[in-house]
file protein-v3.cif (mmCIF, C-alpha atoms)
data_model
#
loop_
_atom_site.label_atom_id
_atom_site.label_comp_id
_atom_site.auth_asym_id
_atom_site.auth_seq_id
_atom_site.Cartn_x
_atom_site.Cartn_y
_atom_site.Cartn_z
CA MET A 9 0.00 0.00 0.00
CA LEU A 10 2.78 2.39 0.97
CA ASP A 11 6.34 1.98 -0.22
CA ASP A 12 9.72 3.19 0.94
CA SER A 13 10.62 5.30 -2.03
CA ARG A 14 9.12 8.56 -0.88
CA PRO A 15 8.08 10.26 2.35
CA ILE A 16 4.91 8.76 3.78
CA PHE A 17 3.07 12.09 3.90
CA VAL A 18 3.70 12.52 0.16
CA GLN A 19 2.20 9.10 -0.44
CA VAL A 20 -0.83 9.97 1.67
CA ALA A 21 -1.33 13.09 -0.47
CA GLU A 22 -0.87 11.06 -3.67
CA ARG A 23 -3.33 8.46 -2.50
CA ILE A 24 -6.05 11.00 -1.79
CA ALA A 25 -5.23 12.81 -5.03
CA GLY A 26 -5.56 9.47 -6.84
CA ASP A 27 -9.02 9.01 -5.36
CA VAL A 28 -9.98 12.47 -6.56
CA LEU A 29 -8.62 11.73 -10.05
CA ASP A 30 -10.54 8.49 -10.51
CA GLY A 31 -13.71 9.89 -9.02
CA THR A 32 -13.72 7.82 -5.83
CA LEU A 33 -13.78 11.16 -4.06
CA PRO A 34 -15.96 13.46 -6.20
CA GLU A 35 -15.56 17.22 -6.07
CA GLY A 36 -17.49 18.65 -3.15
CA SER A 37 -17.43 15.38 -1.20
CA GLN A 38 -16.05 15.02 2.29
CA VAL A 39 -12.67 13.36 2.78
CA PRO A 40 -12.28 10.84 5.64
CA SER A 41 -10.94 12.40 8.82
CA THR A 42 -7.32 12.27 9.88
CA THR A 43 -8.24 9.81 12.61
CA GLU A 44 -10.08 7.51 10.19
CA LEU A 45 -7.28 7.59 7.65
CA SER A 46 -4.67 7.06 10.35
CA ALA A 47 -6.46 3.95 11.58
CA PHE A 48 -7.13 2.64 8.07
CA LEU A 49 -3.66 3.23 6.63
CA ARG A 50 -2.00 2.41 9.97
CA ILE A 51 0.16 5.47 9.96
CA ASN A 52 0.75 8.25 12.40
CA PRO A 53 -2.11 10.82 12.46
CA ALA A 54 0.37 13.70 12.29
CA THR A 55 1.74 12.23 9.05
CA VAL A 56 -1.79 12.02 7.62
CA ALA A 57 -2.42 15.63 8.61
CA LYS A 58 0.80 16.68 6.87
CA GLY A 59 -0.30 14.93 3.66
CA MET A 60 -3.70 16.64 3.83
CA ALA A 61 -2.04 20.00 4.41
CA GLU A 62 -0.14 19.53 1.14
CA LEU A 63 -3.42 19.06 -0.70
CA VAL A 64 -4.93 22.11 0.97
CA ALA A 65 -1.89 24.12 -0.10
CA THR A 66 -2.33 23.05 -3.72
CA GLY A 67 -6.07 23.74 -3.65
CA VAL A 68 -7.20 20.14 -4.00
CA LEU A 69 -8.86 20.11 -0.58
CA HIS A 70 -10.30 22.79 1.61
CA LYS A 71 -11.26 22.84 5.25
CA ARG A 72 -14.72 23.69 6.51
CA ARG A 73 -14.32 24.70 10.06
CA GLY A 74 -15.90 22.31 12.51
CA ILE A 75 -17.04 19.95 9.78
CA GLY A 76 -14.00 18.53 8.06
CA MET A 77 -12.06 18.39 4.84
CA PHE A 78 -13.69 18.55 1.40
CA VAL A 79 -12.62 18.12 -2.23
CA SER A 80 -12.49 21.53 -3.94
CA GLU A 81 -14.31 22.38 -7.14
CA GLY A 82 -11.95 22.08 -10.12
CA ALA A 83 -9.59 19.85 -8.14
CA ARG A 84 -9.73 17.04 -10.67
CA ALA A 85 -8.78 19.20 -13.65
CA ARG A 86 -5.94 20.74 -11.67
CA LEU A 87 -4.59 17.32 -10.68
CA GLN A 88 -4.85 16.02 -14.23
CA GLU A 89 -2.79 18.91 -15.44
CA GLN A 90 -0.12 18.31 -12.79
CA ARG A 91 0.05 14.61 -13.49
CA ARG A 92 0.25 15.03 -17.24
CA ALA A 93 3.37 17.09 -16.77
CA ALA A 94 4.94 14.22 -14.83
CA PHE A 95 3.62 11.52 -17.18
CA VAL A 96 6.53 11.62 -19.63
CA ASP A 97 9.17 11.47 -16.90
CA GLU A 98 7.55 8.85 -14.78
CA PHE A 99 5.92 6.54 -17.31
CA VAL A 100 6.98 7.19 -20.89
CA ALA A 101 10.72 7.47 -20.23
CA PRO A 102 10.99 4.12 -18.39
CA LEU A 103 8.81 2.51 -21.06
CA VAL A 104 11.09 3.72 -23.83
CA ARG A 105 14.16 2.59 -21.88
CA GLU A 106 12.84 -0.92 -21.36
CA ALA A 107 11.66 -1.10 -24.98
CA GLY A 108 15.21 -0.27 -26.05
CA ARG A 109 16.59 -3.11 -23.94
CA LEU A 110 14.11 -5.51 -25.51
CA GLY A 111 14.91 -4.33 -29.03
CA LEU A 112 11.38 -3.11 -29.72
CA ALA A 113 11.06 -0.60 -32.54
CA PRO A 114 9.24 2.69 -31.79
CA ASP A 115 6.19 1.84 -33.95
CA GLU A 116 5.93 -1.55 -32.27
CA VAL A 117 5.89 0.19 -28.89
CA ALA A 118 3.23 2.59 -30.16
CA ARG A 119 1.10 -0.32 -31.39
CA LEU A 120 1.40 -2.07 -28.01
CA VAL A 121 0.35 1.12 -26.24
CA VAL A 122 -2.68 1.52 -28.52
CA ASP A 123 -3.67 -2.15 -28.03
CA ALA A 124 -3.30 -1.89 -24.25
CA THR A 125 -5.39 1.30 -24.18
CA ARG A 126 -8.19 -0.40 -26.15
CA GLY A 127 -7.91 -3.48 -23.94
CA ALA A 128 -8.30 -1.34 -20.84
CA GLY A 129 -11.68 -0.26 -22.16
CA ALA A 130 -10.60 3.18 -23.34
CA VAL A 131 -9.78 5.13 -20.23
CA ARG A 132 -11.71 8.38 -19.77
CA MET B 11 5.03 0.95 40.08
CA SER B 12 5.71 3.68 42.63
CA THR B 13 3.01 5.32 44.66
CA GLY B 14 2.64 8.91 43.67
CA PRO B 15 1.08 11.61 45.79
CA SER B 16 -2.68 11.46 45.48
CA THR B 17 -2.72 15.16 44.76
CA GLY B 18 -2.05 14.71 41.09
CA PRO B 19 -0.36 17.39 39.06
CA SER B 20 -2.77 19.96 37.77
CA THR B 21 -3.33 19.85 34.05
CA GLY B 22 -2.80 23.61 34.10
CA THR B 23 0.94 23.06 34.21
CA ARG B 24 0.83 22.07 30.56
CA THR B 25 1.42 24.85 28.15
CA GLY B 26 0.03 22.76 25.32
CA ALA B 27 2.13 24.14 22.49
CA SER B 28 3.13 21.31 20.21
CA THR B 29 6.68 22.58 19.81
CA ASP B 30 7.41 22.13 23.50
CA VAL B 31 10.31 19.89 24.30
CA ALA B 32 9.11 16.97 26.41
CA ILE B 33 12.46 15.26 26.83
CA ALA B 34 15.87 16.86 26.77
CA THR B 35 19.26 15.44 27.55
CA SER B 36 22.66 16.99 27.41
CA GLY B 37 25.86 14.99 27.41
CA LEU B 38 23.99 12.25 29.23
CA THR B 39 26.40 9.53 30.29
CA ARG B 40 26.08 6.40 32.41
CA SER B 41 28.97 4.13 33.24
CA TYR B 42 28.89 0.94 35.21
CA GLY B 43 32.45 0.38 36.33
CA ALA B 44 34.56 0.11 33.21
CA THR B 45 31.51 -0.23 30.94
CA THR B 46 29.96 2.87 29.45
CA ALA B 47 26.32 2.09 28.69
CA LEU B 48 25.51 5.56 27.41
CA GLU B 49 27.94 8.23 26.37
CA GLY B 50 27.29 11.90 25.78
CA ALA B 51 23.69 11.59 24.59
CA THR B 52 22.25 14.96 23.65
CA LEU B 53 18.63 14.96 22.57
CA ALA B 54 15.56 17.16 22.40
CA LEU B 55 12.30 15.30 21.79
CA GLU B 56 9.26 17.39 20.97
CA ALA B 57 6.05 17.02 22.91
CA GLY B 58 3.03 15.49 21.24
CA ARG B 59 4.92 13.25 18.87
CA VAL B 60 5.62 9.55 18.53
CA HIS B 61 9.35 8.91 18.72
CA GLY B 62 11.07 5.64 17.94
CA LEU B 63 14.10 4.71 20.01
CA LEU B 64 15.91 2.25 17.80
CA GLY B 65 19.06 0.24 18.13
CA ARG B 66 20.40 -3.22 18.74
CA ASN B 67 20.09 -5.09 22.01
CA GLY B 68 22.62 -3.66 24.43
CA ALA B 69 22.96 -0.43 22.48
CA GLY B 70 21.90 1.66 25.46
CA LYS B 71 18.16 2.12 24.85
CA THR B 72 17.05 0.87 28.26
CA THR B 73 19.78 2.82 30.05
CA LEU B 74 18.55 5.98 28.34
CA LEU B 75 14.93 5.28 29.31
CA ARG B 76 15.89 4.52 32.92
CA LEU B 77 17.77 7.81 33.16
CA LEU B 78 14.86 9.70 31.60
CA THR B 79 12.41 8.24 34.08
CA GLY B 80 14.56 8.71 37.16
CA LEU B 81 15.14 5.03 37.81
CA ASP B 82 18.84 5.66 37.53
CA ARG B 83 21.18 8.63 37.87
CA PRO B 84 23.63 9.79 35.24
CA THR B 85 27.38 9.56 35.73
CA ALA B 86 27.60 12.84 33.84
CA GLY B 87 25.33 15.15 31.92
CA THR B 88 21.69 15.97 32.51
CA ALA B 89 18.27 14.56 31.72
CA ARG B 90 15.06 16.59 31.77
CA LEU B 91 11.58 15.16 31.57
CA LEU B 92 8.86 17.79 31.13
CA GLY B 93 11.44 20.32 32.22
CA GLU B 94 12.20 18.53 35.47
CA ASP B 95 15.10 16.50 36.78
CA PRO B 96 13.44 13.09 36.84
CA PHE B 97 15.42 11.54 39.69
CA GLU B 98 13.11 11.00 42.69
CA ASN B 99 11.00 13.94 41.65
CA PRO B 100 7.48 13.92 43.17
CA ARG B 101 6.37 16.67 40.78
CA LEU B 102 6.59 14.15 37.95
CA ALA B 103 4.47 11.46 39.62
CA GLY B 104 1.59 10.48 37.37
CA ARG B 105 2.75 12.72 34.54
CA PHE B 106 4.71 10.02 32.78
CA CYS B 107 4.26 6.30 32.36
CA PHE B 108 7.17 3.95 31.79
CA VAL B 109 6.17 0.52 30.52
CA LYS B 110 9.17 -1.66 31.16
CA GLU B 111 10.20 -4.73 29.25
CA SER B 112 9.75 -6.89 32.34
CA GLN B 113 7.42 -5.06 34.68
CA VAL B 114 7.28 -6.58 38.15
CA TYR B 115 4.06 -6.24 40.13
CA PRO B 116 3.44 -6.90 43.80
CA GLU B 117 3.30 -10.62 44.52
CA SER B 118 -0.38 -10.77 45.50
CA PHE B 119 -1.76 -8.52 42.74
CA ARG B 120 -4.43 -9.68 40.33
CA VAL B 121 -4.92 -7.97 36.99
CA HIS B 122 -7.75 -5.79 38.31
CA HIS B 123 -5.55 -4.65 41.22
CA VAL B 124 -2.94 -3.43 38.76
CA LEU B 125 -5.57 -1.49 36.83
CA ARG B 126 -7.02 -0.03 40.03
CA ALA B 127 -3.59 1.04 41.27
CA ALA B 128 -2.83 2.64 37.92
CA SER B 129 -6.14 4.50 37.95
CA LEU B 130 -5.12 6.07 41.27
CA LEU B 131 -1.63 6.94 40.12
CA PHE B 132 -2.45 8.58 36.80
CA PRO B 133 -4.69 11.64 36.96
CA ARG B 134 -5.80 11.30 33.34
CA TRP B 135 -6.45 7.56 33.53
CA ASP B 136 -9.39 6.47 31.36
CA ASP B 137 -11.38 3.60 32.88
CA ASP B 138 -13.50 2.94 29.78
CA ARG B 139 -10.44 2.79 27.61
CA ALA B 140 -8.75 0.38 30.00
CA ALA B 141 -11.81 -1.89 30.03
CA GLU B 142 -12.01 -1.87 26.27
CA LEU B 143 -8.31 -2.70 25.88
CA VAL B 144 -8.54 -5.47 28.47
CA ASP B 145 -11.31 -6.89 26.33
CA ARG B 146 -9.38 -6.60 23.10
CA PHE B 147 -6.34 -8.33 24.56
CA ALA B 148 -8.61 -10.88 26.29
CA LEU B 149 -6.93 -10.30 29.65
CA PRO B 150 -8.40 -12.28 32.57
CA THR B 151 -8.94 -9.57 35.19
CA ARG B 152 -9.32 -11.95 38.13
CA ARG B 153 -6.12 -13.82 37.44
CA PRO B 154 -3.09 -13.22 39.68
CA VAL B 155 -0.47 -11.32 37.71
CA LYS B 156 2.20 -13.91 38.50
CA LYS B 157 0.07 -16.55 36.74
CA LEU B 158 -0.12 -14.56 33.52
CA SER B 159 1.76 -15.78 30.49
CA ARG B 160 4.65 -13.71 29.23
CA GLY B 161 2.49 -12.26 26.47
CA MET B 162 -0.40 -11.43 28.82
CA THR B 163 1.98 -9.64 31.18
CA SER B 164 3.17 -7.57 28.24
CA ALA B 165 -0.42 -6.87 27.20
CA LEU B 166 -1.19 -5.66 30.72
CA GLY B 167 1.72 -3.23 30.51
CA VAL B 168 0.44 -1.97 27.18
CA VAL B 169 -3.07 -1.46 28.57
CA VAL B 170 -1.70 0.53 31.52
CA GLY B 171 0.56 2.57 29.25
CA LEU B 172 -2.25 3.54 26.89
CA ALA B 173 -5.09 4.04 29.38
CA ALA B 174 -2.86 6.13 31.66
CA ARG B 175 -2.92 8.91 29.06
CA ALA B 176 0.17 10.31 30.76
CA GLU B 177 1.80 13.35 29.18
CA VAL B 178 4.81 11.23 28.33
CA THR B 179 4.54 7.48 27.74
CA LEU B 180 7.68 5.43 27.33
CA PHE B 181 7.49 1.84 26.09
CA ASP B 182 10.60 -0.28 26.38
CA GLU B 183 10.22 -3.26 24.05
CA PRO B 184 6.67 -3.66 25.35
CA TYR B 185 5.77 -6.74 23.36
CA LEU B 186 7.87 -9.58 24.72
CA GLY B 187 5.78 -12.72 24.18
CA LEU B 188 3.10 -10.90 22.21
CA ASP B 189 2.26 -12.64 18.95
CA ALA B 190 1.89 -10.80 15.66
CA VAL B 191 -1.86 -10.35 16.13
CA ALA B 192 -1.49 -8.88 19.62
CA ARG B 193 1.29 -6.59 18.44
CA GLN B 194 -0.98 -5.29 15.70
CA LEU B 195 -3.66 -4.69 18.34
CA PHE B 196 -1.13 -2.66 20.27
CA TYR B 197 -0.06 -0.59 17.26
CA ASP B 198 -3.67 0.10 16.27
CA ALA B 199 -4.61 1.11 19.81
CA LEU B 200 -1.55 3.34 20.03
CA LEU B 201 -2.54 5.12 16.81
CA GLU B 202 -6.11 5.59 18.03
CA GLU B 203 -4.88 6.96 21.32
CA VAL B 204 -2.46 9.51 19.88
CA ALA B 205 -5.08 10.62 17.36
CA LEU B 206 -7.63 11.02 20.15
CA GLU B 207 -5.39 12.42 22.87
CA PRO B 208 -2.09 13.63 21.46
CA ARG B 209 0.79 12.96 23.80
CA THR B 210 4.50 12.28 23.75
CA VAL B 211 5.35 8.65 23.13
CA VAL B 212 8.77 7.05 23.10
CA LEU B 213 8.73 3.55 21.71
CA SER B 214 11.92 1.58 22.13
CA THR B 215 12.01 -1.30 19.71
CA HIS B 216 14.04 -3.38 17.35
CA LEU B 217 11.00 -4.45 15.30
CA ILE B 218 11.52 -1.43 13.11
CA ASP B 219 9.62 -2.65 10.06
CA GLU B 220 6.51 -3.11 12.19
CA VAL B 221 6.46 0.38 13.68
CA ASP B 222 7.94 2.25 10.74
CA HIS B 223 4.77 4.15 9.81
CA LEU B 224 3.82 4.94 13.39
CA LEU B 225 6.92 6.99 14.02
CA GLU B 226 7.38 10.67 13.34
CA ARG B 227 10.90 10.86 14.63
CA VAL B 228 13.63 8.30 15.14
CA VAL B 229 16.53 8.23 17.53
CA VAL B 230 19.09 5.57 16.80
CA VAL B 231 21.44 4.46 19.55
CA ASP B 232 24.52 2.39 18.81
CA HIS B 233 27.25 1.33 21.22
CA GLY B 234 25.98 3.81 23.79
CA ARG B 235 25.95 6.73 21.41
CA VAL B 236 23.15 8.56 19.67
CA VAL B 237 24.04 8.15 16.00
CA LEU B 238 20.90 9.57 14.47
CA ASP B 239 18.08 11.84 15.58
CA ALA B 240 15.90 12.85 12.65
CA ASP B 241 12.40 12.88 11.21
CA ALA B 242 11.39 9.40 10.09
CA ASP B 243 10.46 10.65 6.64
CA GLU B 244 13.84 12.28 6.27
CA VAL B 245 15.63 9.05 7.16
CA ARG B 246 13.53 6.92 4.81
CA GLY B 247 14.61 8.85 1.74
CA SER B 248 18.19 9.30 2.84
CA ALA B 249 19.65 6.13 1.38
CA VAL B 250 19.24 3.95 -1.69
CA GLU B 251 20.20 0.42 -2.57
CA VAL B 252 22.38 0.11 -5.66
CA THR B 253 22.73 -3.16 -7.53
CA GLY B 254 24.80 -3.94 -10.60
CA PRO B 255 28.27 -4.91 -11.82
CA SER B 256 30.77 -4.37 -8.97
CA ALA B 257 32.82 -1.76 -10.79
CA ALA B 258 29.73 0.24 -11.75
CA VAL B 259 28.33 0.04 -8.21
CA ASP B 260 31.65 1.27 -6.83
CA ALA B 261 31.68 4.10 -9.35
CA PHE B 262 28.21 5.09 -8.23
CA THR B 263 28.94 4.92 -4.50
CA GLY B 264 32.34 6.60 -4.75
CA GLY B 265 32.58 9.65 -2.51
CA ARG B 266 29.32 8.82 -0.76
CA ARG B 267 28.82 7.28 2.63
CA LEU B 268 28.60 3.52 2.24
CA LEU B 269 26.31 1.85 4.79
CA ARG B 270 26.57 -1.69 3.55
CA ARG B 271 28.08 -3.60 0.65
CA GLU B 272 27.75 -7.21 -0.46
CA VAL B 273 29.25 -8.94 -3.47
CA LEU B 274 28.15 -12.08 -5.29
CA GLY B 275 30.41 -13.00 -8.18
CA GLY B 276 30.73 -9.89 -10.31
CA THR B 277 27.56 -8.31 -8.91
CA ALA B 278 27.52 -5.96 -5.98
CA ARG B 279 24.73 -4.60 -3.85
CA ALA B 280 25.37 -1.55 -1.76
CA THR B 281 23.34 0.69 0.53
CA VAL B 282 24.59 4.20 0.20
CA ALA B 283 23.61 7.48 1.82
CA THR B 284 22.24 9.50 -1.03
CA ARG B 285 18.82 10.62 -2.19
CA ALA B 286 17.21 9.22 -5.33
CA THR B 287 17.06 12.61 -7.00
CA ARG B 288 16.63 13.00 -10.72
CA GLU B 289 20.40 13.57 -11.06
CA GLU B 290 21.24 10.46 -9.10
CA ARG B 291 18.79 8.42 -11.17
CA ALA B 292 20.36 9.70 -14.37
CA ARG B 293 23.82 8.84 -13.05
CA ALA B 294 22.63 5.33 -12.15
CA ASP B 295 21.22 4.95 -15.67
CA ARG B 296 24.50 5.99 -17.27
CA LEU B 297 26.48 3.57 -15.08
CA GLY B 298 24.01 0.76 -15.68
CA VAL B 299 23.09 0.15 -12.04
CA ASP B 300 19.63 -0.24 -10.49
CA LEU B 301 18.43 1.97 -7.67
CA ALA B 302 15.91 0.71 -5.16
CA PRO B 303 14.36 2.45 -2.17
CA VAL B 304 15.52 1.49 1.29
CA SER B 305 13.27 1.02 4.31
CA LEU B 306 13.77 2.74 7.63
CA GLN B 307 14.86 -0.62 9.01
CA GLN B 308 17.52 -1.04 6.32
CA VAL B 309 18.91 2.42 7.02
CA VAL B 310 19.08 1.68 10.72
CA VAL B 311 20.68 -1.72 10.11
CA GLY B 312 23.18 -0.01 7.83
CA LEU B 313 23.93 2.58 10.48
CA THR B 314 24.36 0.14 13.30
CA THR B 315 26.45 -2.50 11.56
CA ALA B 316 28.93 -0.16 9.93
CA ALA B 317 32.44 -1.05 11.01
CA GLU B 318 33.57 2.55 11.19
CA PRO B 319 32.31 4.77 13.99
CA ALA B 320 28.86 6.02 13.10
CA ARG B 321 29.53 9.51 14.41
CA PRO B 322 29.21 11.77 11.36
CA LEU B 323 26.12 10.12 9.89
CA GLN B 324 23.78 12.72 11.20
CA GLU B 325 25.36 15.25 8.88
CA VAL B 326 25.74 12.87 5.97
CA LEU B 327 22.05 12.02 5.98
CA ARG B 328 20.87 15.60 5.83
#
call {"tool": "encode", "arguments": {"input": "protein-v3.cif", "output": "structure tokens"}}
result
Amino acid sequence: MLDDSRPIFVQVAERIAGDVLDGTLPEGSQVPSTTELSAFLRINPATVAKGMAELVATGVLHKRRGIGMFVSEGARARLQEQRRAAFVDEFVAPLVREAGRLGLAPDEVARLVVDATRGAGAVR
Amino acid sequence: MSTGPSTGPSTGTRTGASTDVAIATSGLTRSYGATTALEGATLALEAGRVHGLLGRNGAGKTTLLRLLTGLDRPTAGTARLLGEDPFENPRLAGRFCFVKESQVYPESFRVHHVLRAASLLFPRWDDDRAAELVDRFALPTRRPVKKLSRGMTSALGVVVGLAARAEVTLFDEPYLGLDAVARQLFYDALLEEVALEPRTVVLSTHLIDEVDHLLERVVVVDHGRVVLDADADEVRGSAVEVTGPSAAVDAFTGGRRLLRREVLGGTARATVATRATREERARADRLGVDLAPVSLQQVVVGLTTAAEPARPLQEVLR
């Protein structure tokens, strides 16, 4: 669920952001409390709070005093934009590298990507 | 368990700010004859956080905890608990709870006597919480403590430590004899408790992988010295594991602090103190070595098995 590659609070933020991206947490909906997430993810509540604070800072979440944390309007579009910027670095570059090792030609790689996209039932 | 004055400390003595220092030591040293169990430990642990006290058996963890809780006096240096000298200090009674590895209770005590005594000692004791935890750990309340199994005795210590809701709670390897399920119960209850009632917790352990995500800060003790005192998140990202042809691995690790290195045939695997930044990843790519993340436990193992003195690691890891 959580790995060792990055700080835990970053992974908490990514996890919640992921839920916003795939619609598990729709815009305007309430996010589980720090206590609930701490118990569920089995991590320190202060670490959860730090991850949430990141998302508040980037406008993905906002706090309603006395009620809790909510997904902001427009959060999904903002996250998509951020993640697209990182997509080449994080996904395409390693793909190209591995394809090179396997001796796959660029158009073969492209065909595999198209096939996989269709197989996945056309995302979005 | 000592008997504290029934006039418990007023809660008004707490300032409440989360940046308060709950535990501070300066040059703390304890020698037993020719053996130095702890040497020059200087620490400042913030209030309201969960701290891990990590290190091998015999590294000095228990000595440090005994000095912090006034069960022992330093040979040199000072220890402060909630701003007080902990040695025989009545002002600290009930404000901290030290759950020892092998807690000894009065001969005739049954489980419910222990809970009753604790409820009198700790001003913020929560009876409902205690009852619920007793239930969860399936502790027989009528049973004499001396008839409890090793694991049940540990569970009793854990129940007392959590239900006491003391300002500072120190657990010294609290899970001797607890099986994996019971340990998970303990970790879950600890998380609930600190989320509900934030307090300072020091958890001494060598089961680092199990408590990794519970800790905000880690203090690593090795051969009586504090070799690391840093945020857990900072430590986690502070080293990487490099695998590849020996020459390439050596080229990658050159000039960086090596925590561990193993060789099999022409392949080497090394744990090295560096962050997996974009530059480092590119360098690894060029050299043809693989980088893998390292767990908190692996960093600590690397720190505490290094042949050279671990002194400068604090700086290296920053």
call {"tool": "interface_residues", "arguments": {"input": "protein-v3.cif", "of": "chain A", "to": "chain B", "cutoff": "6 Å", "atoms": "all atoms listed in the file", "output": "ChimeraX atom specification"}}
result
/A:12-13,15,43,51-53
call {"tool": "write_last_selection", "arguments": {"input": "protein-v3.cif", "atoms": "C-alpha atoms", "output": "PDB file, keeping the file's coordinate frame"}}
result
ATOM      1  CA  ASP A  12       9.720   3.190   0.940  1.00  0.00           C
ATOM      2  CA  SER A  13      10.620   5.300  -2.030  1.00  0.00           C
ATOM      3  CA  PRO A  15       8.080  10.260   2.350  1.00  0.00           C
ATOM      4  CA  THR A  43      -8.240   9.810  12.610  1.00  0.00           C
ATOM      5  CA  ILE A  51       0.160   5.470   9.960  1.00  0.00           C
ATOM      6  CA  ASN A  52       0.750   8.250  12.400  1.00  0.00           C
ATOM      7  CA  PRO A  53      -2.110  10.820  12.460  1.00  0.00           C
TER       8      PRO A  53
END
call {"tool": "atom_distance", "arguments": {"input": "protein-v3.cif", "atom1": "atom CA of B:Leu74", "atom2": "atom CA of B:Arg209"}}
result
19.6 Å
call {"tool": "resolve_selection", "arguments": {"input": "protein-v3.cif", "expression": "the PyMOL selection byres ((chain B and resi 187-193) around 12)", "output": "number ranges by chain"}}
result
B: 111-112, 143-144, 146-149, 158-169, 183-186, 194-200, 217, 220-221
call {"tool": "residues_around", "arguments": {"input": "protein-v3.cif", "residues": "B:Arg227", "least_positions_apart": "3", "cutoff": "6 Å", "atoms": "all atoms listed in the file", "output": "list of chain:residue names"}}
result
B:His61, B:Ala240, B:Asp241, B:Ala242
call {"tool": "atom_distance", "arguments": {"input": "protein-v3.cif", "atom1": "atom CA of B:Glu290", "atom2": "atom CA of B:Val310"}}
result
21.8 Å
call {"tool": "resolve_selection", "arguments": {"input": "protein-v3.cif", "expression": "the PyMOL selection byres ((chain A and resi 68) around 7)", "output": "ChimeraX atom specification"}}
result
/A:63-64,66-67,69-70,79-80,83
call {"tool": "resolve_selection", "arguments": {"input": "protein-v3.cif", "expression": "the PyMOL selection byres ((chain B and resi 83) around 12)", "output": "list in words"}}
result
Leu38, Thr39, Arg40, Ser41, Tyr42, Leu48, Thr73, Leu74, Leu75, Arg76, Leu77, Leu78, Thr79, Gly80, Leu81, Asp82, Pro84, Thr85, Ala86, Gly87, Thr88, Ala89, Arg90, Asp95, Pro96, Phe97 and Glu98 of chain B
call {"tool": "residues_around", "arguments": {"input": "protein-v3.cif", "residues": "B:Ala280", "least_positions_apart": "6", "cutoff": "10 Å", "atoms": "only C-alpha atoms", "output": "list in words"}}
result
Val250, Glu251, Val252, Thr253, Gly254, Ser256, Val259, Asp260, Phe262, Thr263, Leu268, Leu269, Arg270, Arg271, Glu272, Val273, Leu301 and Gly312 of chain B
call {"tool": "axis_aligned_box", "arguments": {"input": "protein-v3.cif", "around": "stretch 39-54 of chain B", "padding_each_side": "6 Å", "output": "AutoDock Vina command-line options"}}
result
--center_x 25.1 --center_y 8.5 --center_z 29.4 --size_x 31.0 --size_y 29.4 --size_z 25.9
call {"tool": "residues_around", "arguments": {"input": "protein-v3.cif", "residues": "A:Glu22", "least_positions_apart": "5", "cutoff": "12 Å", "atoms": "only C-alpha atoms", "output": "mmCIF file with C-alpha atoms, in the coordinates of the input"}}
result
data_model
loop_
_atom_site.group_PDB
_atom_site.id
_atom_site.type_symbol
_atom_site.label_atom_id
_atom_site.label_comp_id
_atom_site.auth_asym_id
_atom_site.auth_seq_id
_atom_site.Cartn_x
_atom_site.Cartn_y
_atom_site.Cartn_z
ATOM 1 C CA MET A 9 0.000 0.000 0.000
ATOM 2 C CA LEU A 10 2.780 2.390 0.970
ATOM 3 C CA ARG A 14 9.120 8.560 -0.880
ATOM 4 C CA PRO A 15 8.080 10.260 2.350
ATOM 5 C CA ILE A 16 4.910 8.760 3.780
ATOM 6 C CA PHE A 17 3.070 12.090 3.900
ATOM 7 C CA ASP A 27 -9.020 9.010 -5.360
ATOM 8 C CA VAL A 28 -9.980 12.470 -6.560
ATOM 9 C CA LEU A 29 -8.620 11.730 -10.050
ATOM 10 C CA VAL A 56 -1.790 12.020 7.620
ATOM 11 C CA GLY A 59 -0.300 14.930 3.660
ATOM 12 C CA MET A 60 -3.700 16.640 3.830
ATOM 13 C CA GLU A 62 -0.140 19.530 1.140
ATOM 14 C CA LEU A 63 -3.420 19.060 -0.700
ATOM 15 C CA VAL A 68 -7.200 20.140 -4.000
ATOM 16 C CA LEU A 87 -4.590 17.320 -10.680
ATOM 17 C CA GLN A 90 -0.120 18.310 -12.790
ATOM 18 C CA ARG A 91 0.050 14.610 -13.490
#
call {"tool": "atom_distance", "arguments": {"input": "protein-v3.cif", "atom1": "atom CA of B:Asp300", "atom2": "atom CA of A:Val20"}}
result
25.9 Å
call {"tool": "closest_residue", "arguments": {"input": "protein-v3.cif", "among": "A:Glu35, A:Glu89, A:Glu106, A:Asp115", "to": "A:Met77", "atoms": "only C-alpha atoms"}}
result
A:Glu35
call {"tool": "decode", "arguments": {"input": "protein-v3.cif", "residues": "stretch 113-118 of chain B", "atoms": "N, CA and C atoms", "output": "compact mmCIF listing (two decimals), in the first residue's frame"}}
result
# COMPACT_ATOMS: atom_id res chain seq x y z
N GLN B 113 8.02 -5.76 33.54
CA GLN B 113 7.42 -5.06 34.68
C GLN B 113 7.16 -6.07 35.80
N VAL B 114 7.55 -5.72 37.00
CA VAL B 114 7.28 -6.58 38.15
C VAL B 114 6.18 -5.94 38.99
N TYR B 115 5.17 -6.74 39.32
CA TYR B 115 4.06 -6.24 40.13
C TYR B 115 4.11 -6.90 41.49
N PRO B 116 3.47 -6.28 42.47
CA PRO B 116 3.44 -6.90 43.80
C PRO B 116 2.92 -8.33 43.72
N GLU B 117 3.53 -9.17 44.53
CA GLU B 117 3.30 -10.62 44.52
C GLU B 117 1.82 -11.01 44.49
N SER B 118 1.01 -10.33 45.32
CA SER B 118 -0.38 -10.77 45.50
C SER B 118 -1.35 -10.14 44.49
